[in-house]
file structure-v4.txt (compact mmCIF, C-alpha atoms)
# COMPACT_ATOMS: atom_id res chain seq x y z
CA MET A 1 -265.09 -26.08 54.93
CA LYS A 2 -266.16 -24.34 58.13
CA TYR A 3 -263.81 -22.18 60.20
CA ALA A 4 -264.05 -21.18 63.87
CA VAL A 5 -261.81 -18.74 65.72
CA VAL A 6 -262.34 -18.64 69.48
CA LEU A 7 -260.56 -15.60 70.88
CA TYR A 8 -260.01 -15.66 74.65
CA ASP A 9 -259.24 -11.97 75.17
CA GLY A 10 -256.22 -11.41 77.44
CA MET A 11 -255.94 -15.10 78.42
CA ALA A 12 -252.13 -15.32 78.32
CA ASP A 13 -250.33 -14.30 81.50
CA TYR A 14 -247.11 -14.25 83.50
CA PRO A 15 -246.51 -16.49 86.53
CA VAL A 16 -248.84 -15.34 89.31
CA PRO A 17 -247.47 -15.39 92.88
CA ALA A 18 -251.00 -15.88 94.28
CA LEU A 19 -251.27 -19.01 92.10
CA GLY A 20 -248.01 -20.54 93.26
CA GLY A 21 -246.07 -19.16 90.31
CA LYS A 22 -248.39 -20.73 87.75
CA THR A 23 -250.47 -18.99 85.10
CA PRO A 24 -254.27 -19.19 84.80
CA MET A 25 -253.84 -21.21 81.59
CA GLU A 26 -251.71 -23.75 83.44
CA LEU A 27 -254.23 -24.19 86.26
CA ALA A 28 -257.52 -24.01 84.37
CA LYS A 29 -259.34 -27.28 83.71
CA LYS A 30 -259.92 -27.11 79.94
CA PRO A 31 -260.35 -30.66 78.60
CA ASN A 32 -261.91 -29.62 75.28
CA PHE A 33 -259.23 -27.04 74.50
CA ASP A 34 -256.46 -29.46 75.50
CA ALA A 35 -257.94 -32.34 73.45
CA LEU A 36 -257.91 -30.16 70.34
CA ALA A 37 -254.36 -29.02 71.06
CA GLN A 38 -253.17 -32.62 71.39
CA LYS A 39 -254.21 -33.31 67.78
CA GLY A 40 -253.45 -29.94 66.21
CA ARG A 41 -250.75 -27.35 65.67
CA VAL A 42 -249.49 -25.51 68.74
CA GLY A 43 -247.08 -22.60 68.93
CA LEU A 44 -246.58 -18.93 69.71
CA VAL A 45 -247.60 -15.93 67.60
CA LYS A 46 -246.55 -12.31 67.98
CA THR A 47 -249.85 -10.46 67.56
CA VAL A 48 -248.46 -7.04 68.53
CA ALA A 49 -245.68 -5.80 66.28
CA ASP A 50 -242.76 -3.90 67.77
CA GLY A 51 -243.54 -0.21 68.14
CA LEU A 52 -247.30 -0.69 68.55
CA LYS A 53 -249.29 -0.48 71.78
CA PRO A 54 -250.61 -3.88 72.95
CA GLY A 55 -254.30 -3.06 72.78
CA SER A 56 -257.19 -5.33 71.82
CA ASP A 57 -257.65 -3.17 68.72
CA VAL A 58 -254.17 -3.77 67.30
CA ALA A 59 -254.05 -7.43 68.42
CA ASN A 60 -257.48 -8.46 67.08
CA LEU A 61 -256.84 -6.70 63.76
CA SER A 62 -253.65 -8.75 63.56
CA VAL A 63 -255.39 -12.04 64.34
CA LEU A 64 -258.02 -11.25 61.70
CA GLY A 65 -255.27 -10.86 59.13
CA TYR A 66 -255.02 -7.08 58.90
CA ASP A 67 -251.65 -5.36 59.26
CA PRO A 68 -252.19 -2.69 61.96
CA LYS A 69 -249.16 -0.76 60.73
CA VAL A 70 -251.05 -0.20 57.48
CA CYS A 71 -254.74 0.03 58.42
CA TYR A 72 -254.95 1.11 62.08
CA THR A 73 -256.32 4.63 62.61
CA GLY A 74 -257.18 4.40 66.32
CA ARG A 75 -259.39 2.40 68.66
CA SER A 76 -262.35 4.67 69.20
CA PRO A 77 -263.27 5.09 65.52
CA LEU A 78 -263.91 1.35 65.35
CA GLU A 79 -266.17 1.57 68.40
CA ALA A 80 -267.94 4.58 66.90
CA VAL A 81 -268.79 2.59 63.79
CA SER A 82 -270.25 -0.15 65.97
CA ILE A 83 -272.81 2.15 67.61
CA GLY A 84 -273.85 3.65 64.28
CA VAL A 85 -271.87 6.89 64.28
CA LYS A 86 -271.16 8.25 60.80
CA MET A 87 -267.77 9.97 60.93
CA ALA A 88 -266.80 12.83 58.62
CA ASP A 89 -263.30 12.88 57.17
CA ASP A 90 -262.20 15.58 59.64
CA ASP A 91 -263.84 13.99 62.71
CA VAL A 92 -261.80 12.50 65.53
CA ALA A 93 -263.31 9.82 67.76
CA LEU A 94 -262.30 9.22 71.37
CA ARG A 95 -263.32 6.51 73.79
CA CYS A 96 -265.25 8.05 76.67
CA ASN A 97 -265.08 5.80 79.72
CA ILE A 98 -267.16 6.68 82.73
CA VAL A 99 -264.98 5.93 85.72
CA THR A 100 -264.86 6.08 89.50
CA LEU A 101 -262.34 8.53 90.96
CA SER A 102 -261.55 9.22 94.62
CA ASP A 103 -262.78 12.44 96.22
CA GLU A 104 -259.67 14.59 96.73
CA LYS A 105 -260.33 18.29 96.10
CA ASN A 106 -257.90 18.71 93.22
CA TYR A 107 -258.64 16.59 90.16
CA GLU A 108 -254.96 15.78 89.65
CA ASP A 109 -254.76 14.30 93.16
CA LYS A 110 -257.59 11.81 92.62
CA THR A 111 -256.99 8.07 92.27
CA MET A 112 -258.43 5.81 89.54
CA LEU A 113 -260.57 3.55 91.71
CA ASP A 114 -262.47 1.77 88.93
CA TYR A 115 -262.09 2.17 85.16
CA SER A 116 -265.56 0.62 84.66
CA ALA A 117 -267.53 2.52 87.35
CA GLY A 118 -268.43 -0.75 89.01
CA ASP A 119 -269.60 -2.41 85.77
CA ILE A 120 -272.33 0.19 85.47
CA SER A 121 -275.39 -0.94 83.51
CA SER A 122 -275.96 0.40 80.01
CA ALA A 123 -279.26 1.97 81.09
CA GLU A 124 -277.64 3.89 83.96
CA ALA A 125 -274.71 4.87 81.76
CA ALA A 126 -277.04 6.25 79.08
CA GLU A 127 -278.44 8.68 81.67
CA ILE A 128 -274.92 9.75 82.62
CA ILE A 129 -273.90 10.33 79.00
CA LYS A 130 -277.13 12.22 78.32
CA THR A 131 -276.15 14.65 81.08
CA VAL A 132 -272.60 14.91 79.75
CA GLN A 133 -273.96 15.77 76.31
CA GLU A 134 -276.23 18.44 77.83
CA HIS A 135 -273.22 20.07 79.50
CA PHE A 136 -270.62 19.76 76.74
CA GLY A 137 -272.43 18.98 73.49
CA ASN A 138 -272.15 21.65 70.78
CA ASP A 139 -271.05 22.08 67.17
CA GLU A 140 -267.59 20.83 68.16
CA PHE A 141 -268.29 17.94 70.55
CA THR A 142 -270.93 15.18 70.41
CA PHE A 143 -271.19 12.35 72.97
CA TYR A 144 -272.78 8.98 72.15
CA SER A 145 -273.74 6.27 74.64
CA GLY A 146 -272.49 2.73 74.15
CA VAL A 147 -272.38 -0.36 76.38
CA SER A 148 -271.77 -0.29 80.15
CA TYR A 149 -268.81 2.03 80.82
CA ARG A 150 -267.71 2.28 77.15
CA HIS A 151 -268.90 5.39 75.27
CA CYS A 152 -267.81 7.68 72.46
CA LEU A 153 -266.95 11.33 71.86
CA ILE A 154 -266.81 12.72 68.33
CA TRP A 155 -264.67 15.84 68.07
CA HIS A 156 -265.64 17.60 64.86
CA GLY A 157 -262.56 19.11 63.25
CA GLY A 158 -260.39 17.70 66.04
CA THR A 159 -256.83 16.44 66.13
CA THR A 160 -255.22 13.13 67.05
CA LYS A 161 -252.01 14.83 68.17
CA LEU A 162 -252.95 14.94 71.83
CA GLY A 163 -249.93 13.69 73.69
CA LYS A 164 -250.47 10.92 76.22
CA MET A 165 -254.18 10.13 76.61
CA THR A 166 -253.79 7.22 79.02
CA PRO A 167 -256.18 4.23 78.99
CA PRO A 168 -257.85 4.19 82.44
CA HIS A 169 -257.38 0.44 82.85
CA ASP A 170 -253.61 1.06 82.72
CA ILE A 171 -253.66 3.16 85.91
CA SER A 172 -255.98 1.30 88.27
CA GLY A 173 -255.20 2.32 91.86
CA ARG A 174 -252.89 5.16 90.79
CA VAL A 175 -253.07 8.92 91.24
CA ILE A 176 -254.16 10.32 87.88
CA GLY A 177 -252.29 13.65 87.72
CA GLU A 178 -249.15 12.46 85.95
CA HIS A 179 -251.30 10.52 83.44
CA LEU A 180 -253.18 13.57 82.13
CA SER A 181 -251.91 14.95 78.83
CA ALA A 182 -250.18 18.31 79.11
CA GLU A 183 -250.33 18.99 75.36
CA PRO A 184 -252.07 22.31 74.55
CA SER A 185 -254.11 20.52 71.87
CA ALA A 186 -255.64 18.29 74.58
CA ALA A 187 -256.53 21.16 76.95
CA LYS A 188 -260.23 21.24 76.02
CA LEU A 189 -260.55 17.51 76.60
CA ILE A 190 -258.80 17.54 79.96
CA GLU A 191 -260.96 20.49 81.05
CA MET A 192 -264.12 18.52 80.20
CA MET A 193 -262.87 15.58 82.25
CA LYS A 194 -262.26 17.87 85.24
CA LYS A 195 -265.60 19.66 84.97
CA SER A 196 -267.50 16.40 84.55
CA TYR A 197 -266.58 15.38 88.10
CA ASP A 198 -268.25 18.51 89.50
CA PHE A 199 -271.69 17.68 88.13
CA LEU A 200 -271.53 13.88 87.97
CA LYS A 201 -270.64 13.33 91.63
CA ASP A 202 -274.17 14.45 92.59
CA HIS A 203 -275.98 12.95 89.61
CA PRO A 204 -279.22 11.10 90.57
CA VAL A 205 -277.88 7.86 89.07
CA ASN A 206 -274.79 8.11 91.27
CA LYS A 207 -276.73 9.01 94.41
CA LYS A 208 -278.77 5.86 93.89
CA ARG A 209 -275.68 3.74 93.19
CA ILE A 210 -273.92 5.02 96.32
CA ALA A 211 -277.03 4.26 98.40
CA GLU A 212 -276.93 0.72 97.01
CA GLY A 213 -273.24 0.35 97.88
CA LYS A 214 -272.11 0.58 94.26
CA ALA A 215 -269.30 2.62 92.71
CA PRO A 216 -270.41 5.98 91.26
CA ALA A 217 -269.66 6.99 87.67
CA ASN A 218 -268.27 10.34 88.79
CA SER A 219 -266.05 11.36 85.86
CA ILE A 220 -265.59 10.89 82.14
CA TRP A 221 -262.18 9.75 80.90
CA LEU A 222 -261.16 10.40 77.29
CA TRP A 223 -258.58 8.31 75.38
CA GLY A 224 -258.10 6.10 72.30
CA GLU A 225 -258.25 8.95 69.76
CA GLY A 226 -258.37 8.16 66.05
CA SER A 227 -259.62 9.17 62.62
CA LYS A 228 -262.16 7.62 60.27
CA PRO A 229 -261.30 3.92 59.72
CA ALA A 230 -261.06 2.00 56.45
CA LEU A 231 -260.58 -1.79 56.24
CA ALA A 232 -260.57 -3.99 53.17
CA SER A 233 -263.45 -6.48 52.95
CA PHE A 234 -262.61 -9.70 54.79
CA GLU A 235 -264.50 -11.77 52.21
CA GLU A 236 -262.78 -10.10 49.26
CA THR A 237 -259.38 -10.45 50.94
CA TYR A 238 -259.63 -14.09 52.04
CA GLY A 239 -262.41 -15.57 49.93
CA VAL A 240 -264.53 -16.64 52.89
CA LYS A 241 -267.66 -15.04 54.32
CA GLY A 242 -267.11 -14.09 57.96
CA SER A 243 -269.00 -13.08 61.10
CA ILE A 244 -267.87 -11.74 64.48
CA VAL A 245 -269.70 -12.59 67.71
CA SER A 246 -268.71 -10.25 70.54
CA ALA A 247 -270.11 -8.23 73.43
CA VAL A 248 -267.81 -5.25 72.90
CA ASP A 249 -268.17 -2.36 70.49
CA LEU A 250 -264.54 -2.52 69.39
CA LEU A 251 -264.86 -5.98 67.87
CA LYS A 252 -268.24 -5.22 66.36
CA GLY A 253 -266.75 -2.10 64.79
CA ILE A 254 -263.89 -4.08 63.29
CA GLY A 255 -266.42 -6.54 61.91
CA ILE A 256 -268.62 -3.85 60.39
CA CYS A 257 -265.62 -2.11 58.79
CA ALA A 258 -264.49 -5.46 57.36
CA GLY A 259 -267.93 -6.24 55.93
CA MET A 260 -268.58 -9.07 58.40
CA ASN A 261 -271.89 -9.78 60.09
CA THR A 262 -272.04 -8.85 63.80
CA PRO A 263 -275.09 -10.37 65.53
CA GLU A 264 -276.37 -9.12 68.87
CA VAL A 265 -276.35 -11.60 71.76
CA GLU A 266 -278.76 -10.99 74.61
CA GLY A 267 -277.00 -11.07 77.97
CA ALA A 268 -273.48 -10.66 76.51
CA THR A 269 -271.70 -8.42 79.02
CA GLY A 270 -267.97 -8.71 78.33
CA TYR A 271 -267.33 -10.09 81.84
CA ILE A 272 -267.45 -13.45 83.60
CA ASP A 273 -271.24 -13.17 83.93
CA THR A 274 -271.68 -13.05 80.15
CA ASN A 275 -274.04 -15.30 78.21
CA PHE A 276 -271.46 -17.88 77.12
CA GLU A 277 -274.00 -20.29 75.63
CA GLY A 278 -275.70 -17.41 73.82
CA LYS A 279 -272.47 -16.52 72.07
CA ALA A 280 -271.89 -20.13 71.01
CA ASN A 281 -275.45 -20.47 69.74
CA ALA A 282 -275.12 -17.18 67.84
CA ALA A 283 -272.03 -18.60 66.13
CA VAL A 284 -273.96 -21.71 65.11
CA GLU A 285 -276.72 -19.55 63.64
CA GLU A 286 -274.15 -17.61 61.63
CA TRP A 287 -272.84 -20.83 60.09
CA LYS A 288 -276.39 -21.97 59.36
CA ASN A 289 -277.08 -18.62 57.66
CA GLY A 290 -274.14 -18.97 55.29
CA ALA A 291 -271.02 -17.84 57.14
CA ASP A 292 -267.84 -19.78 56.39
CA LEU A 293 -265.84 -18.37 59.31
CA VAL A 294 -267.11 -17.21 62.69
CA TYR A 295 -264.86 -15.28 65.07
CA ILE A 296 -266.14 -15.75 68.63
CA HIS A 297 -264.60 -13.09 70.87
CA ILE A 298 -264.88 -13.53 74.64
CA GLU A 299 -263.74 -10.63 76.82
CA ALA A 300 -263.99 -12.20 80.28
CA PRO A 301 -260.34 -13.33 80.83
CA ASP A 302 -259.11 -9.83 79.93
CA GLU A 303 -261.45 -8.11 82.40
CA CYS A 304 -260.33 -10.48 85.17
CA GLY A 305 -256.70 -9.65 84.41
CA HIS A 306 -257.37 -5.92 84.64
CA ARG A 307 -259.16 -6.41 87.97
CA ASN A 308 -256.46 -8.56 89.59
CA GLU A 309 -258.83 -11.52 89.88
CA PRO A 310 -256.67 -14.63 89.31
CA GLU A 311 -259.29 -17.15 90.42
CA ASN A 312 -261.92 -15.53 88.22
CA LYS A 313 -259.52 -15.56 85.28
CA ILE A 314 -259.04 -19.31 85.76
CA ARG A 315 -262.80 -19.73 85.96
CA ALA A 316 -263.39 -17.63 82.84
CA ILE A 317 -261.11 -19.96 80.85
CA GLU A 318 -262.94 -22.97 82.28
CA LEU A 319 -266.37 -21.54 81.50
CA ILE A 320 -265.46 -21.08 77.85
CA ASP A 321 -264.37 -24.72 77.78
CA GLU A 322 -267.58 -25.84 79.49
CA LYS A 323 -270.15 -23.61 77.82
CA VAL A 324 -268.81 -22.45 74.44
CA LEU A 325 -266.59 -25.13 72.94
CA PRO A 326 -269.07 -28.05 73.36
CA ILE A 327 -271.80 -26.21 71.45
CA ILE A 328 -269.43 -25.18 68.68
CA LEU A 329 -267.85 -28.62 68.36
CA ASP A 330 -271.21 -30.39 68.43
CA TYR A 331 -272.37 -28.33 65.46
CA LEU A 332 -269.12 -28.62 63.51
CA ASN A 333 -268.89 -32.38 64.01
CA GLY A 334 -272.46 -32.79 62.81
CA CYS A 335 -272.55 -30.33 59.92
CA GLY A 336 -271.25 -32.80 57.36
CA GLU A 337 -268.25 -30.65 56.38
CA ASP A 338 -264.59 -30.61 57.18
CA TYR A 339 -263.64 -27.87 59.63
CA LYS A 340 -260.81 -26.00 61.28
CA ILE A 341 -260.81 -24.30 64.67
CA MET A 342 -258.22 -21.84 65.97
CA ILE A 343 -258.04 -20.84 69.64
CA LEU A 344 -255.80 -18.13 71.09
CA PRO A 345 -255.73 -14.89 73.09
CA ASP A 346 -255.16 -11.56 71.38
CA HIS A 347 -252.51 -10.46 73.91
CA PRO A 348 -251.55 -11.21 77.52
CA THR A 349 -253.28 -9.30 80.32
CA PRO A 350 -251.03 -10.28 83.23
CA ILE A 351 -252.49 -10.34 86.73
CA VAL A 352 -249.28 -8.85 88.15
CA THR A 353 -249.47 -5.71 85.98
CA GLN A 354 -253.26 -5.49 85.45
CA THR A 355 -252.74 -4.19 81.92
CA HIS A 356 -251.93 -5.46 78.43
CA ALA A 357 -248.55 -6.78 77.34
CA GLY A 358 -247.07 -7.33 73.88
CA ASP A 359 -245.49 -10.75 74.47
CA PRO A 360 -246.17 -13.55 71.96
CA VAL A 361 -249.23 -15.63 72.82
CA PRO A 362 -250.02 -19.36 72.51
CA PHE A 363 -252.14 -20.45 69.57
CA MET A 364 -253.73 -23.74 68.53
CA ILE A 365 -255.04 -24.75 65.09
CA TYR A 366 -257.02 -27.99 64.79
CA HIS A 367 -258.05 -29.49 61.42
CA LYS A 368 -260.68 -32.22 61.61
CA ASN A 369 -259.44 -34.06 58.51
CA GLY A 370 -255.81 -33.35 59.27
CA GLU A 371 -255.32 -34.53 62.83
CA LYS A 372 -251.74 -35.02 64.01
CA ASP A 373 -249.93 -35.58 67.27
CA SER A 374 -248.74 -32.20 68.51
CA GLY A 375 -246.77 -33.63 71.41
CA VAL A 376 -248.58 -31.17 73.67
CA LYS A 377 -250.61 -32.61 76.51
CA SER A 378 -252.03 -29.33 77.87
CA ILE A 379 -251.73 -26.00 76.09
CA ASN A 380 -250.35 -23.03 78.00
CA GLU A 381 -247.67 -20.38 77.60
CA ASN A 382 -244.80 -22.77 78.34
CA SER A 383 -245.98 -25.80 76.37
CA ALA A 384 -246.69 -23.63 73.33
CA LYS A 385 -243.20 -22.13 73.48
CA ALA A 386 -241.64 -25.60 73.82
CA THR A 387 -242.94 -26.68 70.39
CA GLY A 388 -240.58 -24.19 68.70
CA ASP A 389 -243.36 -23.15 66.29
CA PHE A 390 -243.25 -19.35 66.19
CA ILE A 391 -245.11 -16.98 63.88
CA GLU A 392 -243.30 -13.66 64.08
CA VAL A 393 -245.73 -11.56 62.01
CA GLY A 394 -249.16 -11.90 63.59
CA CYS A 395 -251.18 -10.68 60.62
CA THR A 396 -249.98 -13.71 58.61
CA LEU A 397 -251.65 -16.14 61.04
CA MET A 398 -255.09 -15.89 59.39
CA ARG A 399 -253.68 -16.92 56.02
CA GLU A 400 -251.89 -19.83 57.72
CA PHE A 401 -255.19 -20.85 59.30
CA LEU A 402 -257.18 -20.70 56.06
CA LYS A 403 -254.68 -22.32 53.71
CA GLY A 404 -255.03 -25.96 52.66
call {"tool": "encode", "arguments": {"input": "structure-v4.txt", "output": "structure tokens"}}
result
Amino acid sequence: MKYAVVLYDGMADYPVPALGGKTPMELAKKPNFDALAQKGRVGLVKTVADGLKPGSDVANLSVLGYDPKVCYTGRSPLEAVSIGVKMADDDVALRCNIVTLSDEKNYEDKTMLDYSAGDISSAEAAEIIKTVQEHFGNDEFTFYSGVSYRHCLIWHGGTTKLGKMTPPHDISGRVIGEHLSAEPSAAKLIEMMKKSYDFLKDHPVNKKRIAEGKAPANSIWLWGEGSKPALASFEETYGVKGSIVSAVDLLKGIGICAGMNTPEVEGATGYIDTNFEGKANAAVEEWKNGADLVYIHIEAPDECGHRNEPENKIRAIELIDEKVLPIILDYLNGCGEDYKIMILPDHPTPIVTQTHAGDPVPFMIYHKNGEKDSGVKSINENSAKATGDFIEVGCTLMREFLKG
């Protein structure tokens, strides 16, 4: 038996006024997804338990069958693992975004213009983080470069009790002052964020980007604190050998911690310009190399939600249908084995709020040798709800998927 999970990050949404009150899922042309849904199981699943923040960390752990209330230690430690950082027991990891802020004199008066610094390239970002490390790196703080705007700070002997360290994508277009932690324990971190603006605004990389009409990476932004992670082996837990295909460090980190293979995909960016076919082909190679289950994570719909790009979010859903599902289905239909495929988002990223939500999300499970009429013509938030099939505890979904 082969298993495929195709995770459309942030795909679910609320009605969008700019789309005539429809959601991107309702408007996207997705014939492959819909054809599977017509012959499979369709419903809603609550991937974010009450009391937890609706992040991709919590939601993807849940979809993978891990109870975040038991095993979650923070987002950034998972990303740190992905880029090869070895954490000590008393280390604290924080996500270090490089962002674009407006140019008001006082740091607190600046506005979050772009949480991704204009989708800065990894090469440019590495130069920025190198400079940040030169200014702040010492026996207490070490900065590591990651992918695009996503980087890591390890605080040796640090604390996770920092008050409100706000994700920058939650405050796009807002003045940042009220979103800076006032906890004394976070004072060193906030001071580094403030000082970083002073030397990054004139950094050679940013001078060049401004000359080219691009957004400068003029400040670091620290958030997502957590301690050293520990996940049970996915294979030992579920009896199947798994792999994760993703462009983002978070998912790779989850995979590494769970003992899953995490192949690199050239041209995988995490946005709508990602190498969709490359991800699908990487999944096929994982099955050929012995994987039973491949988890294909695609970030593009989430990024479009954060950026208030409804048409691009529709297109991201369509591109997965056009460029990923055909390659996966062609292999699975020709591999000579029975197979199951599950498709769902991890959480909603509504256009109208531009940040994550904890609402239940639509899911679809198709079993090649167990086809049935779902009664659903096209899968979306409303049609999934109408089936009445509801999984209240998200971390039980994986066992539902694998059973039988």
call {"tool": "closest_residue", "arguments": {"input": "structure-v4.txt", "among": "A:Asp359, A:Asp90, A:Glu140, A:Asp198", "to": "Leu52 (chain A)", "atoms": "all atoms listed in the file"}}
result
A:Asp359
call {"tool": "atom_distance", "arguments": {"input": "structure-v4.txt", "atom1": "CA of Pro17 (chain A)", "atom2": "CA of Lys46 (chain A)"}}
result
25.1 Å
call {"tool": "closest_residue", "arguments": {"input": "structure-v4.txt", "among": "A:Asp389, A:Glu309, A:Asp57, A:Glu277", "to": "Leu325 (chain A)", "atoms": "only C-alpha atoms"}}
result
A:Glu277
call {"tool": "residues_around", "arguments": {"input": "structure-v4.txt", "residues": "region 22-37 of chain A", "least_positions_apart": "6", "cutoff": "6 Å", "atoms": "only C-alpha atoms", "output": "PDB file with C-alpha atoms, in the coordinates of the input"}}
result
ATOM      1  CA  ASP A  13    -250.330 -14.300  81.500  1.00  0.00           C
ATOM      2  CA  PRO A  15    -246.510 -16.490  86.530  1.00  0.00           C
ATOM      3  CA  VAL A  16    -248.840 -15.340  89.310  1.00  0.00           C
ATOM      4  CA  ILE A 314    -259.040 -19.310  85.760  1.00  0.00           C
ATOM      5  CA  GLU A 318    -262.940 -22.970  82.280  1.00  0.00           C
ATOM      6  CA  ASP A 321    -264.370 -24.720  77.780  1.00  0.00           C
ATOM      7  CA  MET A 364    -253.730 -23.740  68.530  1.00  0.00           C
ATOM      8  CA  SER A 378    -252.030 -29.330  77.870  1.00  0.00           C
ATOM      9  CA  ILE A 379    -251.730 -26.000  76.090  1.00  0.00           C
ATOM     10  CA  ASN A 380    -250.350 -23.030  78.000  1.00  0.00           C
TER      11      ASN A 380
END
call {"tool": "closest_residue", "arguments": {"input": "structure-v4.txt", "among": "A:Asp330, A:Asp292, A:Asp202, A:Glu303", "to": "Val5 (chain A)", "atoms": "all atoms listed in the file"}}
result
A:Asp292
call {"tool": "residues_around", "arguments": {"input": "structure-v4.txt", "residues": "Ser102 (chain A)", "least_positions_apart": "3", "cutoff": "8 Å", "atoms": "only C-alpha atoms", "output": "PyMOL selection string"}}
result
chain A and resi 110-113
call {"tool": "write_last_selection", "arguments": {"input": "structure-v4.txt", "atoms": "C-alpha atoms", "output": "mmCIF file, in the coordinates of the input"}}
result
data_model
loop_
_atom_site.group_PDB
_atom_site.id
_atom_site.type_symbol
_atom_site.label_atom_id
_atom_site.label_comp_id
_atom_site.auth_asym_id
_atom_site.auth_seq_id
_atom_site.Cartn_x
_atom_site.Cartn_y
_atom_site.Cartn_z
ATOM 1 C CA LYS A 110 -257.590 11.810 92.620
ATOM 2 C CA THR A 111 -256.990 8.070 92.270
ATOM 3 C CA MET A 112 -258.430 5.810 89.540
ATOM 4 C CA LEU A 113 -260.570 3.550 91.710
#
call {"tool": "closest_atom_pairs", "arguments": {"input": "structure-v4.txt", "of": "region 112-161 of chain A", "to": "region 206-212 of chain A", "cutoff": "12 Å", "atoms": "all atoms listed in the file", "output": "Markdown table"}}
result
| residue | atom | partner | partner_atom | distance |
| --- | --- | --- | --- | --- |
| A:Ala117 | CA | A:Asn206 | CA | 10.0 |
| A:Gly118 | CA | A:Arg209 | CA | 9.5 |
| A:Asp119 | CA | A:Arg209 | CA | 11.4 |
| A:Ile120 | CA | A:Arg209 | CA | 9.1 |
| A:Ser121 | CA | A:Arg209 | CA | 10.8 |
| A:Glu124 | CA | A:Asn206 | CA | 8.9 |
| A:Ala125 | CA | A:Asn206 | CA | 10.0 |
| A:Glu127 | CA | A:Asn206 | CA | 10.3 |
| A:Ile128 | CA | A:Asn206 | CA | 8.8 |
call {"tool": "residues_near_point", "arguments": {"input": "structure-v4.txt", "point": "(-269.8, -25.6, 65.3)", "cutoff": "12 Å", "atoms": "all atoms listed in the file", "output": "ChimeraX atom specification"}}
result
/A:1-6,279-288,291-296,324-341,368
call {"tool": "closest_residue", "arguments": {"input": "structure-v4.txt", "among": "A:Gly305, A:Pro345, A:Gly358, A:Gly84", "to": "Gly55 (chain A)", "atoms": "only C-alpha atoms"}}
result
A:Gly358
call {"tool": "build_atoms", "arguments": {"input": "structure-v4.txt", "residues": "region 353-363 of chain A", "atoms": "N, CA, C and O atoms", "output": "PDB file, keeping the file's coordinate frame"}}
result
ATOM      1  N   THR A 353    -249.545  -7.095  86.467  1.00  0.00           N
ATOM      2  CA  THR A 353    -249.470  -5.710  85.980  1.00  0.00           C
ATOM      3  C   THR A 353    -250.836  -5.082  85.787  1.00  0.00           C
ATOM      4  O   THR A 353    -250.960  -3.866  85.728  1.00  0.00           O
ATOM      5  N   GLN A 354    -251.865  -5.919  85.642  1.00  0.00           N
ATOM      6  CA  GLN A 354    -253.260  -5.490  85.450  1.00  0.00           C
ATOM      7  C   GLN A 354    -253.450  -4.675  84.166  1.00  0.00           C
ATOM      8  O   GLN A 354    -254.400  -3.914  84.044  1.00  0.00           O
ATOM      9  N   THR A 355    -252.570  -4.857  83.201  1.00  0.00           N
ATOM     10  CA  THR A 355    -252.740  -4.190  81.920  1.00  0.00           C
ATOM     11  C   THR A 355    -252.168  -5.066  80.815  1.00  0.00           C
ATOM     12  O   THR A 355    -251.591  -6.127  81.073  1.00  0.00           O
ATOM     13  N   HIS A 356    -252.338  -4.644  79.569  1.00  0.00           N
ATOM     14  CA  HIS A 356    -251.930  -5.460  78.430  1.00  0.00           C
ATOM     15  C   HIS A 356    -250.417  -5.533  78.290  1.00  0.00           C
ATOM     16  O   HIS A 356    -249.696  -4.621  78.700  1.00  0.00           O
ATOM     17  N   ALA A 357    -249.959  -6.615  77.670  1.00  0.00           N
ATOM     18  CA  ALA A 357    -248.550  -6.780  77.340  1.00  0.00           C
ATOM     19  C   ALA A 357    -248.438  -7.214  75.881  1.00  0.00           C
ATOM     20  O   ALA A 357    -249.393  -7.729  75.302  1.00  0.00           O
ATOM     21  N   GLY A 358    -247.260  -7.016  75.290  1.00  0.00           N
ATOM     22  CA  GLY A 358    -247.070  -7.330  73.880  1.00  0.00           C
ATOM     23  C   GLY A 358    -246.351  -8.636  73.624  1.00  0.00           C
ATOM     24  O   GLY A 358    -245.963  -8.907  72.483  1.00  0.00           O
ATOM     25  N   ASP A 359    -246.185  -9.482  74.638  1.00  0.00           N
ATOM     26  CA  ASP A 359    -245.490 -10.750  74.470  1.00  0.00           C
ATOM     27  C   ASP A 359    -246.229 -11.662  73.475  1.00  0.00           C
ATOM     28  O   ASP A 359    -247.456 -11.595  73.351  1.00  0.00           O
ATOM     29  N   PRO A 360    -245.503 -12.547  72.798  1.00  0.00           N
ATOM     30  CA  PRO A 360    -246.170 -13.550  71.960  1.00  0.00           C
ATOM     31  C   PRO A 360    -247.140 -14.393  72.782  1.00  0.00           C
ATOM     32  O   PRO A 360    -246.936 -14.604  73.984  1.00  0.00           O
ATOM     33  N   VAL A 361    -248.185 -14.879  72.125  1.00  0.00           N
ATOM     34  CA  VAL A 361    -249.230 -15.630  72.820  1.00  0.00           C
ATOM     35  C   VAL A 361    -249.348 -17.040  72.231  1.00  0.00           C
ATOM     36  O   VAL A 361    -249.020 -17.265  71.055  1.00  0.00           O
ATOM     37  N   PRO A 362    -249.818 -18.008  73.030  1.00  0.00           N
ATOM     38  CA  PRO A 362    -250.020 -19.360  72.510  1.00  0.00           C
ATOM     39  C   PRO A 362    -251.184 -19.412  71.530  1.00  0.00           C
ATOM     40  O   PRO A 362    -252.186 -18.729  71.719  1.00  0.00           O
ATOM     41  N   PHE A 363    -251.034 -20.218  70.489  1.00  0.00           N
ATOM     42  CA  PHE A 363    -252.140 -20.450  69.570  1.00  0.00           C
ATOM     43  C   PHE A 363    -252.265 -21.948  69.295  1.00  0.00           C
ATOM     44  O   PHE A 363    -251.305 -22.708  69.432  1.00  0.00           O
TER      45      PHE A 363
END
